[in-house]
Amino acid sequence: MTELLITATLILVKLILIFAVVLSLAAYMVLAERKILGRMQLRYGPNRVGPFGLCQPLADVIKLLTKEDLVPARADRVMFLIAPGMASLIALLSFAVVPFSPPVTLFGREIPMVVCDLNIGLLYFLGLSSLAVYSIALGGWASNSKYALLGAIRGLAQLISYELSMGLAVVPVVLSAKSFSLTDIVLSQADWPNMVRHPVAFVIFMISVMAESKRTPFDLPEGENEIVAGYHTEYSGMRFGLFFVGEYINVIILGAMVTVLFLGGWHGPLLPPIVWFALKVLAVAFCFIWTRGTLPRLRYDQLMHFGWKFLIPVALANVLVTGAVMLAIGS
Amino acid sequence: MIASVVFYLLAAATLAATLLCITRTSPVHAVIYLVHAFFDLALIFYLFGAPLVAAWEMIIYAGAIMVLFLFIIMMLELAPGGKPLTVDRRRWIPVLLLSLVTLGCTVLLIVLDPAAAGSGAAFHASPREFGTALFDRYALAVQVVSFQLLFAAVGAYYVGKGEPRARGDNP
């Protein structure tokens, strides 16, 4: 019984830690994005609230919370109200399977640094990322507005298309790790990160992940110059904010997945493992922001053609070649 | 003990969600309840020691097929609060027949109780074991079934092809 209690407490402590770290990181991702984008466009970015604008996220939250929470007259009320929460919740759930560092020993107990080391961890992540569609689809549909509906339809089509190439890009990783468990995948990269062993898969995964996060150049579901703000046109106040919290949590979780699957997870010289992990995640997040500051938005037909006619065939060929090579060298 | 309590909770939730799914007049609400039912089913599979099946239930059914349903519903522009679907009374006959058959089979299963005869040990189908069974022992059957998908794809292509278009037209 005590054993069960200790395990439950440990899981609870890990969950609280993850919630605190991820949510505050998401808030500061917003600030980091505004600052970096500002510098890229030769301006300062927010720098008025607190030193270097560090209290800006707090001010944003106060602003969002005190704004009126509007629900359109002919909207589907319940769906409209729960959709933004789903966006954040589904993104948060994925952290359950991410291993942050090798197990640590505390008071003679070995504590794995992952909430739940599922043997289907990778599939759990893919499953949750395919559920992320629902928040956009329901939010857009429930608003009962043409722009929101158009954004939702675009979002649905985009996420379905790029999920396929994302799923295919991780096949070589699973082939070389011989496991779906994320801990095993990290352990299999002790010598070389998968980025070096499977460069094509890495590039495909990065592109698909950017499309999955619905950020520029793939932000068609909210393309401002065509459909106002897409699926969140009708949202205001904190519900509007929740969509964005979800987006930034998504950036962090996708950065963590790129780190675990392709950048070798916590492996690295000199620095402690957890620091390496954090550095790699932040580097991927920086790439997301950098891309947003550099590339224009794709056109809708370009997006679909690129996904279906280029990315998926290349990913399939990559799976075939990787399998053949691994058979040939007998690893 | 805990497992059976969780099982009955999940089973009740599955049945409730399915019932709500078939009684909603708004197609989007029906889809959401069905997704809920798939979710509960995935958890039940996980409880039974088949995590891979649980993951597939989530990825394929909840994450792909139902999303396509939702996509079609939205393409048809069925706004919330729109005209509810009317159901023809004659359509109840096949529904009732099918329900009776399923109910009969379920009652028969409960009465015979085949699980009690050869009490199978609790098992845990890891992804590796599952893959071996699927692509080694039953490889031929899996291939035959997957060919059906190919036929379906060819059929869909043929039906959806429509009139030949002039060259250079934007599709």
# chains A, B, ... in the order shown; residues from 1 in each chain; ligands from 1

$ residues_around --residues "region 123-134 of chain A" --least-positions-apart "4" --cutoff "8 Å" --atoms "only C-alpha atoms" --output "MDAnalysis selection string"
(chainID A and resid 83 86:87 90:91 93:94 97 138 155:156 159:160 163 167 180) or (chainID B and resid 55:56 58:59 62:64 67)

$ residues_around --residues "region 6-19 of chain A" --least-positions-apart "5" --cutoff "12 Å" --atoms "only C-alpha atoms" --output "list in words"
Met1, Ser24, Leu25, Ala26, Ser88, Leu89, Ala91, Leu92, Leu93, Ser94, Phe95, Ala96, Val97, Val98, Pro99, Phe100, Leu106, Arg109, Glu110, Ile111, Pro112, Met113, Val114, Val115, Cys116, Asp117, Ile249, Ile252 and Ile253 of chain A

$ write_last_selection --atoms "C-alpha atoms" --output "tab-separated table (two decimals), in the first residue's frame"
chain	number	residue	atom	x	y	z
A	1	MET	CA	0.00	0.00	0.00
A	24	SER	CA	5.22	29.44	-17.69
A	25	LEU	CA	7.47	28.49	-20.59
A	26	ALA	CA	4.51	28.90	-22.94
A	88	SER	CA	-4.50	23.51	-24.58
A	89	LEU	CA	-5.44	20.28	-22.84
A	91	ALA	CA	-1.22	19.68	-26.17
A	92	LEU	CA	-0.46	19.34	-22.44
A	93	LEU	CA	-1.37	15.63	-22.31
A	94	SER	CA	1.45	14.71	-24.69
A	95	PHE	CA	4.05	15.59	-22.03
A	96	ALA	CA	3.13	12.42	-20.13
A	97	VAL	CA	5.44	10.29	-22.28
A	98	VAL	CA	8.39	12.66	-22.85
A	99	PRO	CA	11.56	11.52	-21.05
A	100	PHE	CA	13.48	14.59	-19.83
A	106	LEU	CA	16.72	9.92	-4.74
A	109	ARG	CA	14.92	4.96	-5.19
A	110	GLU	CA	15.39	5.09	-8.91
A	111	ILE	CA	12.97	7.64	-10.28
A	112	PRO	CA	12.40	7.67	-14.05
A	113	MET	CA	12.22	11.25	-15.35
A	114	VAL	CA	9.08	10.63	-17.33
A	115	VAL	CA	5.52	10.62	-16.04
A	116	CYS	CA	4.62	7.34	-17.72
A	117	ASP	CA	7.02	5.34	-19.85
A	249	ILE	CA	2.45	24.54	-25.66
A	252	ILE	CA	7.20	23.23	-26.88
A	253	ILE	CA	5.88	19.67	-27.13

$ interface_residues --of "chain B" --to "chain A" --cutoff "10 Å" --atoms "only C-alpha atoms" --output "PDB file with N, CA and C atoms, in the first residue's frame"
ATOM      1  N   VAL B  28     -22.820  16.926 -36.166  1.00  0.00           N
ATOM      2  CA  VAL B  28     -21.537  17.194 -35.507  1.00  0.00           C
ATOM      3  C   VAL B  28     -21.551  16.659 -34.073  1.00  0.00           C
ATOM      4  N   HIS B  29     -22.677  16.843 -33.383  1.00  0.00           N
ATOM      5  CA  HIS B  29     -22.761  16.312 -32.024  1.00  0.00           C
ATOM      6  C   HIS B  29     -22.658  14.794 -32.040  1.00  0.00           C
ATOM      7  N   ILE B  32     -19.112  13.786 -32.312  1.00  0.00           N
ATOM      8  CA  ILE B  32     -18.363  13.984 -31.068  1.00  0.00           C
ATOM      9  C   ILE B  32     -18.646  12.858 -30.079  1.00  0.00           C
ATOM     10  N   VAL B  35     -16.764   9.825 -31.186  1.00  0.00           N
ATOM     11  CA  VAL B  35     -15.347   9.940 -30.839  1.00  0.00           C
ATOM     12  C   VAL B  35     -15.150   9.594 -29.362  1.00  0.00           C
ATOM     13  N   PRO B  51      -2.114  -2.512 -25.529  1.00  0.00           N
ATOM     14  CA  PRO B  51      -1.877  -1.079 -25.715  1.00  0.00           C
ATOM     15  C   PRO B  51      -1.801  -0.676 -27.192  1.00  0.00           C
ATOM     16  N   LEU B  52      -1.285  -1.576 -28.037  1.00  0.00           N
ATOM     17  CA  LEU B  52      -1.140  -1.224 -29.451  1.00  0.00           C
ATOM     18  C   LEU B  52      -2.508  -1.026 -30.091  1.00  0.00           C
ATOM     19  N   ALA B  54      -5.162  -0.170 -28.539  1.00  0.00           N
ATOM     20  CA  ALA B  54      -5.693   1.077 -27.976  1.00  0.00           C
ATOM     21  C   ALA B  54      -5.166   2.277 -28.767  1.00  0.00           C
ATOM     22  N   ALA B  55      -3.872   2.261 -29.057  1.00  0.00           N
ATOM     23  CA  ALA B  55      -3.277   3.386 -29.794  1.00  0.00           C
ATOM     24  C   ALA B  55      -3.878   3.488 -31.187  1.00  0.00           C
ATOM     25  N   TRP B  56      -4.073   2.335 -31.828  1.00  0.00           N
ATOM     26  CA  TRP B  56      -4.652   2.376 -33.182  1.00  0.00           C
ATOM     27  C   TRP B  56      -6.086   2.874 -33.162  1.00  0.00           C
ATOM     28  N   GLU B  57      -6.823   2.447 -32.143  1.00  0.00           N
ATOM     29  CA  GLU B  57      -8.198   2.915 -32.017  1.00  0.00           C
ATOM     30  C   GLU B  57      -8.209   4.448 -32.003  1.00  0.00           C
ATOM     31  N   MET B  58      -7.245   5.013 -31.272  1.00  0.00           N
ATOM     32  CA  MET B  58      -7.184   6.467 -31.152  1.00  0.00           C
ATOM     33  C   MET B  58      -6.718   7.111 -32.447  1.00  0.00           C
ATOM     34  N   ILE B  59      -5.618   6.581 -33.020  1.00  0.00           N
ATOM     35  CA  ILE B  59      -5.024   7.230 -34.192  1.00  0.00           C
ATOM     36  C   ILE B  59      -5.932   7.070 -35.403  1.00  0.00           C
ATOM     37  N   ILE B  60      -6.410   5.831 -35.620  1.00  0.00           N
ATOM     38  CA  ILE B  60      -7.134   5.566 -36.863  1.00  0.00           C
ATOM     39  C   ILE B  60      -8.600   5.988 -36.763  1.00  0.00           C
ATOM     40  N   TYR B  61      -9.285   5.515 -35.715  1.00  0.00           N
ATOM     41  CA  TYR B  61     -10.714   5.809 -35.658  1.00  0.00           C
ATOM     42  C   TYR B  61     -10.986   7.235 -35.194  1.00  0.00           C
ATOM     43  N   ALA B  62     -10.492   7.558 -33.972  1.00  0.00           N
ATOM     44  CA  ALA B  62     -10.806   8.887 -33.431  1.00  0.00           C
ATOM     45  C   ALA B  62     -10.052   9.973 -34.203  1.00  0.00           C
ATOM     46  N   GLY B  63      -8.807   9.685 -34.594  1.00  0.00           N
ATOM     47  CA  GLY B  63      -7.960  10.743 -35.164  1.00  0.00           C
ATOM     48  C   GLY B  63      -8.046  10.884 -36.659  1.00  0.00           C
ATOM     49  N   ALA B  64      -8.477   9.861 -37.387  1.00  0.00           N
ATOM     50  CA  ALA B  64      -8.480   9.978 -38.846  1.00  0.00           C
ATOM     51  C   ALA B  64      -9.881   9.837 -39.423  1.00  0.00           C
ATOM     52  N   MET B  66     -12.966   9.703 -38.039  1.00  0.00           N
ATOM     53  CA  MET B  66     -13.977  10.650 -37.575  1.00  0.00           C
ATOM     54  C   MET B  66     -13.661  12.073 -38.016  1.00  0.00           C
ATOM     55  N   VAL B  67     -12.367  12.387 -38.159  1.00  0.00           N
ATOM     56  CA  VAL B  67     -12.009  13.713 -38.658  1.00  0.00           C
ATOM     57  C   VAL B  67     -12.500  13.880 -40.087  1.00  0.00           C
ATOM     58  N   LEU B  68     -12.404  12.802 -40.869  1.00  0.00           N
ATOM     59  CA  LEU B  68     -12.912  12.872 -42.244  1.00  0.00           C
ATOM     60  C   LEU B  68     -14.434  13.057 -42.246  1.00  0.00           C
ATOM     61  N   LEU B  70     -16.128  14.579 -39.989  1.00  0.00           N
ATOM     62  CA  LEU B  70     -16.346  15.975 -39.609  1.00  0.00           C
ATOM     63  C   LEU B  70     -16.087  16.891 -40.808  1.00  0.00           C
ATOM     64  N   PHE B  71     -15.038  16.546 -41.551  1.00  0.00           N
ATOM     65  CA  PHE B  71     -14.662  17.325 -42.726  1.00  0.00           C
ATOM     66  C   PHE B  71     -15.818  17.365 -43.730  1.00  0.00           C
ATOM     67  N   ILE B  72     -16.395  16.186 -43.986  1.00  0.00           N
ATOM     68  CA  ILE B  72     -17.504  16.111 -44.957  1.00  0.00           C
ATOM     69  C   ILE B  72     -18.702  16.917 -44.444  1.00  0.00           C
ATOM     70  N   ILE B  73     -19.004  16.757 -43.148  1.00  0.00           N
ATOM     71  CA  ILE B  73     -20.149  17.478 -42.588  1.00  0.00           C
ATOM     72  C   ILE B  73     -19.959  18.982 -42.760  1.00  0.00           C
ATOM     73  N   MET B  74     -18.714  19.442 -42.520  1.00  0.00           N
ATOM     74  CA  MET B  74     -18.458  20.876 -42.648  1.00  0.00           C
ATOM     75  C   MET B  74     -18.502  21.319 -44.095  1.00  0.00           C
ATOM     76  N   MET B  75     -18.027  20.458 -44.993  1.00  0.00           N
ATOM     77  CA  MET B  75     -18.081  20.817 -46.407  1.00  0.00           C
ATOM     78  C   MET B  75     -19.526  20.991 -46.866  1.00  0.00           C
ATOM     79  N   GLU B  77     -21.699  22.208 -45.104  1.00  0.00           N
ATOM     80  CA  GLU B  77     -22.170  23.424 -44.438  1.00  0.00           C
ATOM     81  C   GLU B  77     -23.443  23.222 -43.645  1.00  0.00           C
ATOM     82  N   LEU B  78     -23.377  22.304 -42.704  1.00  0.00           N
ATOM     83  CA  LEU B  78     -24.517  22.143 -41.802  1.00  0.00           C
ATOM     84  C   LEU B  78     -24.245  22.994 -40.580  1.00  0.00           C
ATOM     85  N   ALA B  79     -24.790  24.183 -40.579  1.00  0.00           N
ATOM     86  CA  ALA B  79     -24.521  25.131 -39.492  1.00  0.00           C
ATOM     87  C   ALA B  79     -25.170  24.647 -38.203  1.00  0.00           C
ATOM     88  N   PRO B  80     -24.633  25.051 -37.034  1.00  0.00           N
ATOM     89  CA  PRO B  80     -25.273  24.669 -35.776  1.00  0.00           C
ATOM     90  C   PRO B  80     -26.671  25.263 -35.708  1.00  0.00           C
ATOM     91  N   GLY B  81     -27.611  24.516 -35.120  1.00  0.00           N
ATOM     92  CA  GLY B  81     -28.978  24.994 -34.988  1.00  0.00           C
ATOM     93  C   GLY B  81     -29.742  24.973 -36.301  1.00  0.00           C
ATOM     94  N   GLY B  82     -29.178  24.310 -37.310  1.00  0.00           N
ATOM     95  CA  GLY B  82     -29.861  24.231 -38.606  1.00  0.00           C
ATOM     96  C   GLY B  82     -31.014  23.251 -38.554  1.00  0.00           C
ATOM     97  N   SER B 126       2.395  -7.047 -26.130  1.00  0.00           N
ATOM     98  CA  SER B 126       3.306  -5.936 -26.413  1.00  0.00           C
ATOM     99  C   SER B 126       3.290  -5.658 -27.914  1.00  0.00           C
ATOM    100  N   PRO B 127       3.704  -4.451 -28.332  1.00  0.00           N
ATOM    101  CA  PRO B 127       3.724  -4.140 -29.762  1.00  0.00           C
ATOM    102  C   PRO B 127       4.499  -5.187 -30.566  1.00  0.00           C
ATOM    103  N   ARG B 128       5.594  -5.717 -29.976  1.00  0.00           N
ATOM    104  CA  ARG B 128       6.420  -6.684 -30.702  1.00  0.00           C
ATOM    105  C   ARG B 128       5.645  -7.966 -30.990  1.00  0.00           C
ATOM    106  N   PRO B 171      -7.489  22.195 -61.573  1.00  0.00           N
ATOM    107  CA  PRO B 171      -8.362  21.179 -60.994  1.00  0.00           C
ATOM    108  C   PRO B 171      -9.126  21.728 -59.798  1.00  0.00           C
TER     109      PRO B 171
END

$ residues_around --residues "region 51-62 of chain A" --least-positions-apart "2" --cutoff "9 Å" --atoms "only C-alpha atoms" --output "VMD selection string"
chain A and resid 27 to 28 30 to 31 45 to 49 64 to 67 238 241

$ decode --residues "region 215-244 of chain A" --atoms "N, CA and C atoms" --output "CSV table (one decimal), in the first residue's frame"
chain,number,residue,atom,x,y,z
A,215,ARG,N,1.7,27.2,-37.9
A,215,ARG,CA,2.4,28.5,-37.8
A,215,ARG,C,2.9,28.8,-39.2
A,216,THR,N,3.2,30.1,-39.4
A,216,THR,CA,3.7,30.6,-40.7
A,216,THR,C,4.9,29.7,-41.0
A,217,PRO,N,5.1,29.2,-42.2
A,217,PRO,CA,4.4,29.5,-43.4
A,217,PRO,C,3.1,28.6,-43.6
A,218,PHE,N,2.7,27.9,-42.6
A,218,PHE,CA,1.6,27.0,-42.7
A,218,PHE,C,0.4,27.5,-42.0
A,219,ASP,N,0.2,28.8,-41.8
A,219,ASP,CA,-0.9,29.3,-40.9
A,219,ASP,C,-2.1,29.6,-41.7
A,220,LEU,N,-2.4,28.8,-42.7
A,220,LEU,CA,-3.6,29.0,-43.5
A,220,LEU,C,-4.9,29.0,-42.8
A,221,PRO,N,-5.0,28.1,-41.7
A,221,PRO,CA,-6.3,28.1,-41.0
A,221,PRO,C,-6.7,29.5,-40.4
A,222,GLU,N,-5.7,30.4,-40.2
A,222,GLU,CA,-6.0,31.7,-39.6
A,222,GLU,C,-5.4,32.8,-40.5
A,223,GLY,N,-5.3,32.5,-41.8
A,223,GLY,CA,-4.8,33.5,-42.8
A,223,GLY,C,-5.5,34.8,-42.7
A,224,GLU,N,-4.8,35.8,-42.1
A,224,GLU,CA,-5.5,37.1,-41.8
A,224,GLU,C,-6.0,37.9,-43.0
A,225,ASN,N,-5.2,37.8,-44.1
A,225,ASN,CA,-5.6,38.6,-45.2
A,225,ASN,C,-6.7,38.0,-46.1
A,226,GLU,N,-7.1,36.8,-45.7
A,226,GLU,CA,-8.2,36.2,-46.5
A,226,GLU,C,-9.4,35.9,-45.7
A,227,ILE,N,-9.2,35.3,-44.5
A,227,ILE,CA,-10.4,34.8,-43.8
A,227,ILE,C,-10.4,35.4,-42.3
A,228,VAL,N,-10.0,36.7,-42.2
A,228,VAL,CA,-10.0,37.5,-41.0
A,228,VAL,C,-9.1,36.9,-39.9
A,229,ALA,N,-9.5,35.9,-39.2
A,229,ALA,CA,-8.6,35.2,-38.3
A,229,ALA,C,-8.9,33.7,-38.3
A,230,GLY,N,-9.6,33.3,-39.3
A,230,GLY,CA,-9.9,31.8,-39.4
A,230,GLY,C,-10.7,31.3,-38.3
A,231,TYR,N,-10.3,30.1,-37.8
A,231,TYR,CA,-11.2,29.4,-36.8
A,231,TYR,C,-11.4,30.2,-35.5
A,232,HIS,N,-10.5,31.1,-35.2
A,232,HIS,CA,-10.8,31.8,-33.9
A,232,HIS,C,-11.3,33.3,-34.1
A,233,THR,N,-11.9,33.5,-35.3
A,233,THR,CA,-12.5,34.8,-35.6
A,233,THR,C,-13.4,35.3,-34.5
A,234,GLU,N,-14.3,34.5,-34.0
A,234,GLU,CA,-15.4,34.9,-33.1
A,234,GLU,C,-14.9,34.9,-31.6
A,235,TYR,N,-13.7,34.5,-31.4
A,235,TYR,CA,-13.3,34.3,-29.9
A,235,TYR,C,-12.8,35.6,-29.4
A,236,SER,N,-13.0,35.8,-28.1
A,236,SER,CA,-12.4,37.0,-27.5
A,236,SER,C,-11.9,36.6,-26.1
A,237,GLY,N,-11.2,37.6,-25.4
A,237,GLY,CA,-10.8,37.4,-24.1
A,237,GLY,C,-9.9,36.2,-23.9
A,238,MET,N,-10.1,35.5,-22.7
A,238,MET,CA,-9.2,34.4,-22.4
A,238,MET,C,-9.4,33.2,-23.3
A,239,ARG,N,-10.6,33.0,-23.8
A,239,ARG,CA,-10.8,31.9,-24.7
A,239,ARG,C,-9.9,32.0,-26.0
A,240,PHE,N,-9.9,33.2,-26.5
A,240,PHE,CA,-9.0,33.5,-27.6
A,240,PHE,C,-7.5,33.2,-27.1
A,241,GLY,N,-7.2,33.7,-25.9
A,241,GLY,CA,-5.9,33.4,-25.3
A,241,GLY,C,-5.6,31.9,-25.2
A,242,LEU,N,-6.6,31.1,-24.9
A,242,LEU,CA,-6.3,29.7,-24.7
A,242,LEU,C,-5.9,29.0,-26.0
A,243,PHE,N,-6.5,29.5,-27.1
A,243,PHE,CA,-6.0,28.9,-28.4
A,243,PHE,C,-4.5,29.2,-28.6
A,244,PHE,N,-4.1,30.4,-28.1
A,244,PHE,CA,-2.7,30.7,-28.3
A,244,PHE,C,-1.8,30.0,-27.3
